[in-house]
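Q: As input, take start-v7.cif (mmCIF, C-alpha atoms):
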```cif
data_work
#
loop_
_atom_site.label_atom_id
_atom_site.label_comp_id
_atom_site.auth_asym_id
_atom_site.auth_seq_id
_atom_site.Cartn_x
_atom_site.Cartn_y
_atom_site.Cartn_z
CA MET J 20 14.20 -39.18 0.96
CA SER J 21 12.72 -40.70 4.10
CA ARG J 22 16.17 -40.31 5.67
CA VAL J 23 16.15 -36.64 4.65
CA GLY J 24 12.72 -36.25 6.22
CA HIS J 25 14.03 -37.73 9.46
CA LEU J 26 16.88 -35.20 9.47
CA LEU J 27 14.48 -32.31 8.81
CA SER J 28 12.27 -33.42 11.72
CA ARG J 29 15.25 -32.74 14.02
CA TYR J 30 16.89 -29.88 12.11
CA LYS J 31 17.86 -26.77 14.09
CA SER J 32 20.77 -25.15 12.27
CA GLY J 33 23.67 -25.84 9.97
CA PRO J 34 23.89 -26.98 6.34
CA PHE J 35 20.78 -28.39 4.70
CA PRO J 36 20.82 -31.98 3.36
CA LYS J 37 22.27 -31.91 -0.16
CA PRO J 38 19.59 -34.18 -1.69
CA PHE J 39 16.94 -31.68 -0.58
CA LYS J 40 18.72 -28.76 -2.24
CA ILE J 41 18.26 -30.29 -5.70
CA LEU J 42 14.67 -31.40 -5.00
CA PRO J 43 12.96 -28.51 -6.90
CA THR J 44 14.91 -29.41 -10.05
CA LEU J 45 13.67 -33.03 -10.15
CA PRO J 46 10.71 -34.02 -12.38
CA HIS J 47 8.52 -35.54 -9.62
CA TRP J 48 9.64 -33.30 -6.80
CA ASN J 49 6.19 -33.08 -5.17
CA ALA J 50 6.00 -36.85 -4.71
CA LEU J 51 9.48 -36.90 -3.25
CA LEU J 52 8.54 -33.99 -1.00
CA GLU J 53 5.66 -35.97 0.49
CA ILE J 54 8.06 -38.77 1.41
CA THR J 55 9.94 -36.34 3.66
CA ARG J 56 6.69 -35.72 5.63
CA PRO J 57 6.68 -31.89 5.80
CA GLU J 58 4.18 -31.96 8.69
CA ASN J 59 6.98 -33.28 10.91
CA TRP J 60 9.62 -30.70 9.94
CA THR J 61 10.86 -28.30 12.54
CA PRO J 62 10.06 -24.60 11.98
CA ASN J 63 13.77 -24.07 11.25
CA ALA J 64 13.56 -26.67 8.50
CA VAL J 65 10.46 -25.00 7.03
CA PHE J 66 12.37 -21.73 6.78
CA GLY J 67 15.34 -23.42 5.12
CA ALA J 68 13.07 -25.22 2.66
CA THR J 69 11.24 -21.99 1.86
CA ARG J 70 14.53 -20.32 0.97
CA ILE J 71 15.30 -23.14 -1.45
CA PHE J 72 11.90 -23.36 -3.11
CA ILE J 73 11.31 -19.61 -3.38
CA SER J 74 14.43 -19.45 -5.56
CA SER J 75 13.04 -22.00 -8.01
CA LYS J 76 10.48 -21.58 -10.80
CA PRO J 77 7.29 -19.64 -9.91
CA ALA J 78 4.98 -22.62 -10.42
CA ILE J 79 7.07 -24.79 -8.10
CA ALA J 80 7.38 -22.03 -5.51
CA GLN J 81 3.61 -21.43 -5.56
CA GLU J 82 2.80 -25.11 -5.07
CA PHE J 83 5.25 -25.37 -2.18
CA ILE J 84 3.71 -22.33 -0.50
CA ASN J 85 0.23 -23.75 -0.95
CA THR J 86 0.88 -27.35 0.09
CA VAL J 87 3.50 -26.90 2.81
CA LEU J 88 3.81 -23.37 4.13
CA LEU J 89 0.10 -22.55 4.33
CA GLU J 90 -0.73 -25.69 6.27
CA ARG J 91 2.17 -25.31 8.70
CA VAL J 92 1.36 -21.66 9.39
CA ARG J 93 -2.31 -22.34 10.08
CA GLU J 94 -1.51 -25.34 12.24
CA ASP J 95 1.00 -23.41 14.35
CA ILE J 96 -1.39 -20.50 14.90
CA HIS J 97 -4.18 -22.88 15.86
CA GLU J 98 -2.05 -24.76 18.39
CA ASN J 99 -0.06 -21.89 19.94
CA ARG J 100 -2.32 -18.88 19.20
CA LYS J 101 0.76 -17.19 17.78
CA LEU J 102 3.27 -17.90 15.01
CA ASN J 103 6.74 -19.32 15.44
CA VAL J 104 9.42 -16.80 14.44
CA HIS J 105 10.90 -19.16 11.83
CA LEU J 106 7.51 -19.67 10.21
CA TYR J 107 6.98 -15.91 10.31
CA ASN J 108 10.29 -15.41 8.52
CA SER J 109 9.23 -18.07 6.03
CA LEU J 110 6.20 -15.96 5.16
CA ARG J 111 8.42 -12.91 4.70
CA LYS J 112 10.77 -14.91 2.49
CA SER J 113 7.87 -16.19 0.37
CA LEU J 114 6.84 -12.59 -0.36
CA PHE J 115 10.00 -12.25 -2.44
CA LYS J 116 7.71 -13.65 -5.14
CA PRO J 117 4.45 -11.77 -4.47
CA ALA J 118 2.41 -13.52 -7.16
CA CYS J 119 3.29 -16.93 -5.71
CA PHE J 120 2.47 -15.74 -2.20
CA PHE J 121 -0.93 -14.34 -3.19
CA LYS J 122 -1.97 -17.27 -5.40
CA GLY J 123 -0.51 -19.97 -3.19
CA LEU J 124 -1.35 -18.68 0.29
CA LEU J 125 -3.47 -15.54 0.59
CA PHE J 126 -6.23 -16.27 -1.93
CA PRO J 127 -6.73 -19.93 -0.90
CA LEU J 128 -6.80 -18.85 2.75
CA VAL J 129 -9.52 -16.26 2.17
CA GLN J 130 -11.46 -18.53 -0.21
CA SER J 131 -11.56 -21.29 2.37
CA GLY J 132 -14.02 -19.25 4.44
CA THR J 133 -12.37 -20.53 7.62
CA CYS J 134 -9.69 -17.86 8.00
CA THR J 135 -9.85 -16.54 11.55
CA ILE J 136 -9.25 -12.97 12.60
CA ARG J 137 -6.09 -14.03 14.42
CA GLU J 138 -4.68 -15.69 11.31
CA ALA J 139 -5.56 -12.65 9.22
CA HIS J 140 -3.85 -10.22 11.62
CA ILE J 141 -0.64 -12.27 11.76
CA ILE J 142 -0.35 -12.78 8.00
CA ALA J 143 -1.36 -9.16 7.32
CA SER J 144 1.49 -7.99 9.56
CA VAL J 145 3.89 -9.76 7.20
CA ILE J 146 2.33 -8.01 4.19
CA ALA J 147 2.62 -4.65 5.98
CA ARG J 148 6.35 -5.12 6.66
CA VAL J 149 7.39 -6.17 3.15
CA SER J 150 7.52 -3.89 0.13
CA ILE J 151 5.25 -5.24 -2.63
CA PRO J 152 5.20 -3.93 -6.22
CA VAL J 153 2.15 -1.80 -6.93
CA LEU J 154 0.83 -3.98 -9.75
CA HIS J 155 0.89 -7.06 -7.55
CA SER J 156 -0.92 -5.15 -4.79
CA ALA J 157 -3.51 -3.85 -7.25
CA ALA J 158 -4.15 -7.35 -8.62
CA ALA J 159 -4.43 -8.71 -5.07
CA LEU J 160 -7.01 -6.07 -4.10
CA LEU J 161 -9.04 -6.80 -7.22
CA ARG J 162 -9.03 -10.53 -6.53
CA LEU J 163 -9.91 -10.05 -2.84
CA CYS J 164 -12.95 -7.99 -3.84
CA GLU J 165 -14.05 -10.80 -6.16
CA ILE J 166 -13.63 -13.42 -3.43
CA VAL J 167 -15.64 -11.37 -0.94
CA ALA J 168 -18.37 -10.93 -3.56
CA ASP J 169 -18.63 -14.70 -3.98
CA GLN J 170 -18.63 -15.30 -0.24
CA THR J 171 -21.26 -12.68 0.62
CA ALA J 172 -23.54 -14.17 -2.03
CA ALA J 173 -23.38 -17.51 -0.23
CA THR J 174 -22.99 -16.60 3.43
CA LEU J 175 -23.04 -13.54 5.69
CA SER J 176 -20.30 -14.65 8.05
CA SER J 177 -18.84 -11.65 9.85
CA GLU J 178 -15.73 -13.69 10.66
CA GLY J 179 -14.91 -14.34 7.01
CA THR J 180 -15.82 -10.81 5.96
CA GLY J 181 -13.61 -9.35 8.67
CA ALA J 182 -10.60 -11.48 7.70
CA ALA J 183 -10.80 -10.39 4.07
CA ASN J 184 -11.11 -6.73 5.05
CA ILE J 185 -8.02 -6.97 7.23
CA PHE J 186 -5.99 -7.85 4.14
CA ILE J 187 -7.68 -5.16 2.06
CA LYS J 188 -7.01 -2.53 4.74
CA THR J 189 -3.35 -3.58 4.98
CA LEU J 190 -2.85 -3.16 1.23
CA LEU J 191 -4.72 0.16 1.22
CA GLU J 192 -2.48 1.53 3.95
CA LYS J 193 0.53 1.05 1.70
CA LYS J 194 -0.85 4.13 -0.12
CA TYR J 195 -0.08 3.01 -3.64
CA ALA J 196 -1.39 4.89 -6.68
CA LEU J 197 -3.93 2.29 -7.75
CA PRO J 198 -5.54 2.03 -11.21
CA TYR J 199 -9.08 3.38 -11.48
CA LYS J 200 -10.34 -0.15 -12.21
CA VAL J 201 -9.21 -1.27 -8.76
CA ILE J 202 -10.60 1.84 -7.07
CA ASP J 203 -14.00 1.28 -8.68
CA ALA J 204 -13.92 -2.38 -7.60
CA LEU J 205 -13.23 -1.27 -4.02
CA VAL J 206 -16.18 1.13 -4.12
CA PHE J 207 -18.50 -1.65 -5.27
CA HIS J 208 -16.99 -3.89 -2.58
CA PHE J 209 -18.26 -1.51 0.09
CA LEU J 210 -21.57 -0.77 -1.61
CA ARG J 211 -22.28 -4.50 -1.82
CA PHE J 212 -23.13 -4.56 1.88
CA ARG J 213 -25.77 -1.84 1.69
CA ALA J 214 -28.72 -3.98 0.54
CA MET J 215 -28.12 -6.62 3.20
CA ASP J 216 -29.76 -4.38 5.78
CA ARG J 217 -33.07 -4.28 3.93
CA PRO J 218 -35.30 -7.37 4.30
CA GLU J 219 -37.47 -6.42 1.33
CA ASP J 220 -34.41 -6.44 -0.95
CA GLN J 221 -33.44 -9.95 0.07
CA MET J 222 -37.01 -11.20 -0.34
CA ALA J 223 -36.95 -9.83 -3.87
CA VAL J 224 -33.75 -11.74 -4.59
CA ASP J 225 -34.67 -15.26 -3.46
CA GLY J 226 -38.40 -15.03 -2.85
CA LYS J 227 -37.97 -16.22 0.73
CA LYS J 228 -38.21 -14.49 4.05
CA PRO J 229 -34.69 -13.48 5.16
CA SER J 230 -33.31 -15.12 8.26
CA ALA J 231 -32.88 -13.16 11.47
CA SER J 232 -29.10 -13.38 11.15
CA ALA J 233 -29.27 -11.78 7.71
CA VAL J 234 -31.52 -8.95 8.87
CA GLU J 235 -29.60 -8.22 12.07
CA LEU J 236 -26.13 -8.64 10.58
CA LYS J 237 -23.69 -6.14 12.01
CA LEU J 238 -20.56 -5.53 10.02
CA PRO J 239 -17.32 -5.87 12.01
CA VAL J 240 -15.43 -2.78 13.04
CA ILE J 241 -12.62 -3.68 10.65
CA TRP J 242 -15.04 -3.13 7.75
CA HIS J 243 -15.60 0.46 8.84
CA GLN J 244 -11.86 0.94 9.43
CA CYS J 245 -11.21 -0.41 5.95
CA LEU J 246 -13.67 2.08 4.46
CA LEU J 247 -12.00 4.87 6.43
CA ALA J 248 -8.56 3.90 5.08
CA PHE J 249 -9.99 3.92 1.56
CA ALA J 250 -11.60 7.35 2.03
CA GLN J 251 -8.43 8.87 3.49
CA ARG J 252 -6.19 7.77 0.63
CA TYR J 253 -8.44 7.66 -2.45
CA ARG J 254 -11.08 10.31 -1.79
CA ASN J 255 -9.79 12.28 -4.80
CA ASP J 256 -9.81 9.28 -7.16
CA ILE J 257 -13.51 8.41 -7.09
CA THR J 258 -16.24 9.90 -9.26
CA GLU J 259 -18.91 12.15 -7.82
CA ASP J 260 -21.69 9.59 -8.22
CA LYS J 261 -19.66 7.01 -6.31
CA ARG J 262 -18.94 9.58 -3.61
CA GLU J 263 -22.67 10.19 -3.22
CA ALA J 264 -23.30 6.44 -3.09
CA LEU J 265 -20.72 6.01 -0.33
CA LEU J 266 -22.24 8.88 1.63
CA ASP J 267 -25.66 7.23 1.34
CA LEU J 268 -24.06 3.97 2.46
CA LEU J 269 -23.02 5.62 5.73
CA LEU J 270 -26.68 6.33 6.51
CA VAL J 271 -27.46 2.61 6.30
CA ARG J 272 -24.19 1.06 7.48
CA GLY J 273 -22.94 3.73 9.85
CA HIS J 274 -20.71 3.44 12.90
CA LYS J 275 -21.14 5.99 15.64
CA ASP J 276 -17.41 6.69 16.02
CA ILE J 277 -15.90 5.93 12.61
CA SER J 278 -18.59 7.10 10.16
CA PRO J 279 -18.21 10.84 10.97
CA GLU J 280 -14.52 10.57 10.06
CA ILE J 281 -15.36 8.76 6.82
CA ARG J 282 -17.95 11.39 5.91
CA ARG J 283 -15.47 14.18 6.60
CA GLU J 284 -12.87 12.56 4.34
CA LEU J 285 -15.33 11.94 1.52
CA LEU J 286 -16.66 15.49 1.62
CA ALA J 287 -13.10 16.84 1.48
CA GLY J 288 -12.42 15.02 -1.81
CA ARG J 289 -12.32 16.89 -5.09
CA GLY J 290 -13.51 14.21 -7.50
CA ARG J 291 -11.70 12.22 -10.15
CA GLY J 292 -9.96 14.36 -12.76
CA VAL J 293 -10.65 17.66 -10.99
CA VAL J 294 -7.51 19.78 -10.64
CA VAL J 295 -7.13 21.66 -7.39
CA PRO J 296 -5.81 25.19 -7.98
CA ASP J 297 -2.51 26.03 -6.34
CA PRO J 298 -2.97 28.50 -3.43
CA GLU J 299 0.06 30.57 -4.49
CA THR J 300 -1.26 30.86 -8.04
CA GLU J 301 -4.68 31.91 -6.82
CA ALA J 302 -3.16 34.51 -4.50
CA ALA J 303 -1.04 35.93 -7.32
CA ARG J 304 -4.04 36.04 -9.64
CA ALA J 305 -6.06 37.89 -7.00
CA ALA J 306 -3.24 40.41 -6.73
CA GLY J 307 -3.27 40.97 -10.50
CA ASP J 308 -0.01 39.12 -11.20
CA ASP J 309 -0.42 36.42 -13.90
CA THR J 310 3.31 35.64 -14.27
CA MET J 311 2.94 32.17 -12.77
CA ASP J 312 -0.51 31.51 -14.21
CA THR J 313 -0.09 28.92 -16.98
CA SER J 314 -3.81 28.79 -17.77
CA VAL J 315 -3.82 32.13 -19.60
#
```
If you convert what's in this file into structure tokens, what do you get?

A:
Amino acid sequence: MSRVGHLLSRYKSGPFPKPFKILPTLPHWNALLEITRPENWTPNAVFGATRIFISSKPAIAQEFINTVLLERVREDIHENRKLNVHLYNSLRKSLFKPACFFKGLLFPLVQSGTCTIREAHIIASVIARVSIPVLHSAAALLRLCEIVADQTAATLSSEGTGAANIFIKTLLEKKYALPYKVIDALVFHFLRFRAMDRPEDQMAVDGKKPSASAVELKLPVIWHQCLLAFAQRYRNDITEDKREALLDLLLVRGHKDISPEIRRELLAGRGRGVVVPDPETEAARAAGDDTMDTSV
């Protein structure tokens, strides 16, 4: 396998080494994979390997994404401040199995707390370009809210919070019909940041005087943009008490340019389960014609 690794360190195009093609089917494939030294592969070889592993069993594909693809992507962005086209295509190919992509790459990246805004924007662009089943997107949003909840309890890093909200905003802009459980989780995700602006609340939590960074924390613009995307798409799927809570949140965590738009969207919502009457039906009823009125 060391010979295969040497070939992959110089690979540009053409057929892949045959021993590597059967690697995912072998019992100790991960140990053999390490012998090939994936850190030395060319980006072309990473793309070819991703095509092979993404076609294997989900557990194997997820481990490959986590141990090889994630590290190569982060390393390339750190060194070049952009992502090689072959590595970018590798990310797109890995999304053919969304669960493996989320569990092997996205969640560990956000959980690390070191995901930069640049990394988040590049990986989010891949998510935006690929069609993802709604249930996978809903599960990803739910898990991202949980990760942010754990992180904000430990640290108030605007960098980490912004990276997570970039992914949330990207999934929201796909405009899927999300389950109410996910919508409620998103509401609590935004409301979680309300108390951080009040020193007396934090003193009540830990009994200590809050640090200056905690008191003066300013949420990144992407957080407000994320809330705007949520209000635009799901303003009719939240309950009235949650709508009032979000409106109160804008008084504490407002943005001079974005908050008026968010308030306008929230006030235009009709509330969960409320049926909006059809204008044609209302006009016919006003004219005394109940032919099309199914409520009588």

Q: Written as an mmCIF file with C-alpha atoms, in the frame of the given file, which residues does the PyMOL selection byres ((chain J and resi 269-281) around 12) give for the file shown?

A:
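Once everything was written out, this is out.cif:
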```cif
data_model
loop_
_atom_site.group_PDB
_atom_site.id
_atom_site.type_symbol
_atom_site.label_atom_id
_atom_site.label_comp_id
_atom_site.auth_asym_id
_atom_site.auth_seq_id
_atom_site.Cartn_x
_atom_site.Cartn_y
_atom_site.Cartn_z
ATOM 1 C CA PHE J 209 -18.260 -1.510 0.090
ATOM 2 C CA LEU J 210 -21.570 -0.770 -1.610
ATOM 3 C CA ARG J 211 -22.280 -4.500 -1.820
ATOM 4 C CA PHE J 212 -23.130 -4.560 1.880
ATOM 5 C CA ARG J 213 -25.770 -1.840 1.690
ATOM 6 C CA ALA J 214 -28.720 -3.980 0.540
ATOM 7 C CA MET J 215 -28.120 -6.620 3.200
ATOM 8 C CA ASP J 216 -29.760 -4.380 5.780
ATOM 9 C CA ARG J 217 -33.070 -4.280 3.930
ATOM 10 C CA GLU J 235 -29.600 -8.220 12.070
ATOM 11 C CA LEU J 236 -26.130 -8.640 10.580
ATOM 12 C CA LYS J 237 -23.690 -6.140 12.010
ATOM 13 C CA LEU J 238 -20.560 -5.530 10.020
ATOM 14 C CA PRO J 239 -17.320 -5.870 12.010
ATOM 15 C CA VAL J 240 -15.430 -2.780 13.040
ATOM 16 C CA ILE J 241 -12.620 -3.680 10.650
ATOM 17 C CA TRP J 242 -15.040 -3.130 7.750
ATOM 18 C CA HIS J 243 -15.600 0.460 8.840
ATOM 19 C CA GLN J 244 -11.860 0.940 9.430
ATOM 20 C CA CYS J 245 -11.210 -0.410 5.950
ATOM 21 C CA LEU J 246 -13.670 2.080 4.460
ATOM 22 C CA LEU J 247 -12.000 4.870 6.430
ATOM 23 C CA ALA J 248 -8.560 3.900 5.080
ATOM 24 C CA PHE J 249 -9.990 3.920 1.560
ATOM 25 C CA ALA J 250 -11.600 7.350 2.030
ATOM 26 C CA GLN J 251 -8.430 8.870 3.490
ATOM 27 C CA ARG J 252 -6.190 7.770 0.630
ATOM 28 C CA TYR J 253 -8.440 7.660 -2.450
ATOM 29 C CA ARG J 254 -11.080 10.310 -1.790
ATOM 30 C CA ARG J 262 -18.940 9.580 -3.610
ATOM 31 C CA GLU J 263 -22.670 10.190 -3.220
ATOM 32 C CA ALA J 264 -23.300 6.440 -3.090
ATOM 33 C CA LEU J 265 -20.720 6.010 -0.330
ATOM 34 C CA LEU J 266 -22.240 8.880 1.630
ATOM 35 C CA ASP J 267 -25.660 7.230 1.340
ATOM 36 C CA LEU J 268 -24.060 3.970 2.460
ATOM 37 C CA ARG J 282 -17.950 11.390 5.910
ATOM 38 C CA ARG J 283 -15.470 14.180 6.600
ATOM 39 C CA GLU J 284 -12.870 12.560 4.340
ATOM 40 C CA LEU J 285 -15.330 11.940 1.520
ATOM 41 C CA LEU J 286 -16.660 15.490 1.620
ATOM 42 C CA ALA J 287 -13.100 16.840 1.480
ATOM 43 C CA GLY J 288 -12.420 15.020 -1.810
#
```

Q: Might you spell out which residues the PyMOL selection byres ((chain J and resi 105) around 8) would select in the displayed file, as a PyMOL selection string?

A: chain J and resi 62-63+65-66+103-104+106-109

Q: What gap, in Å, lies between atom CA of J:Ile141 and atom CA of J:Thr61?

A: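 Those two atoms sit 19.7 Å apart.
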
Q: Evaluating the PyMOL selection byres ((chain J and resi 191) around 12) on the displayed file yields which residues, as a ChimeraX atom specification?

A: /J:143,146-147,151,153,156-157,159-161,184-190,192-197,201-202,205,244-253

Q: What is the distance, in Å and to one decimal place, between atom CA of J:Asp256 and atom CA of J:Asp203?

A: 9.2 Å

Q: Which residues are close to J:Ala183, i.e. within 9 Å by only C-alpha atoms, leaving aside same-chain residues fewer than 5 positions away? Reply as an mmCIF file with C-alpha atoms, in the frame of the given file.

A:
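Output file result-v1.cif follows:
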```cif
data_model
loop_
_atom_site.group_PDB
_atom_site.id
_atom_site.type_symbol
_atom_site.label_atom_id
_atom_site.label_comp_id
_atom_site.auth_asym_id
_atom_site.auth_seq_id
_atom_site.Cartn_x
_atom_site.Cartn_y
_atom_site.Cartn_z
ATOM 1 C CA VAL J 129 -9.520 -16.260 2.170
ATOM 2 C CA CYS J 134 -9.690 -17.860 8.000
ATOM 3 C CA ALA J 139 -5.560 -12.650 9.220
ATOM 4 C CA LEU J 163 -9.910 -10.050 -2.840
ATOM 5 C CA CYS J 164 -12.950 -7.990 -3.840
ATOM 6 C CA ILE J 166 -13.630 -13.420 -3.430
ATOM 7 C CA VAL J 167 -15.640 -11.370 -0.940
ATOM 8 C CA GLU J 178 -15.730 -13.690 10.660
ATOM 9 C CA LYS J 188 -7.010 -2.530 4.740
#
```

Q: Could you please determine the separation between atom CA of J:Ser113 and atom CA of J:Ile84 in Å, to one decimal place?

A: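 Separation between atom CA of J:Ser113 and atom CA of J:Ile84: 7.5 Å.
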
Q: Given all atoms listed in the file as the basis, pick out the residue of J:Gly33, J:Gly290, J:Pro43, J:Pro38 nearest to J:Ser21.

A: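 Smallest separation from J:Ser21 among the options: J:Pro38.
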
Q: Any idea what's packed within 10 Å of J:Ile79, counting all atoms listed in the file, ignoring anything in its chain fewer than 5 positions away? Could you give it as a VMD selection string?

A: chain J and resid 43 to 44 48 to 49 72 to 74 84 to 85 119
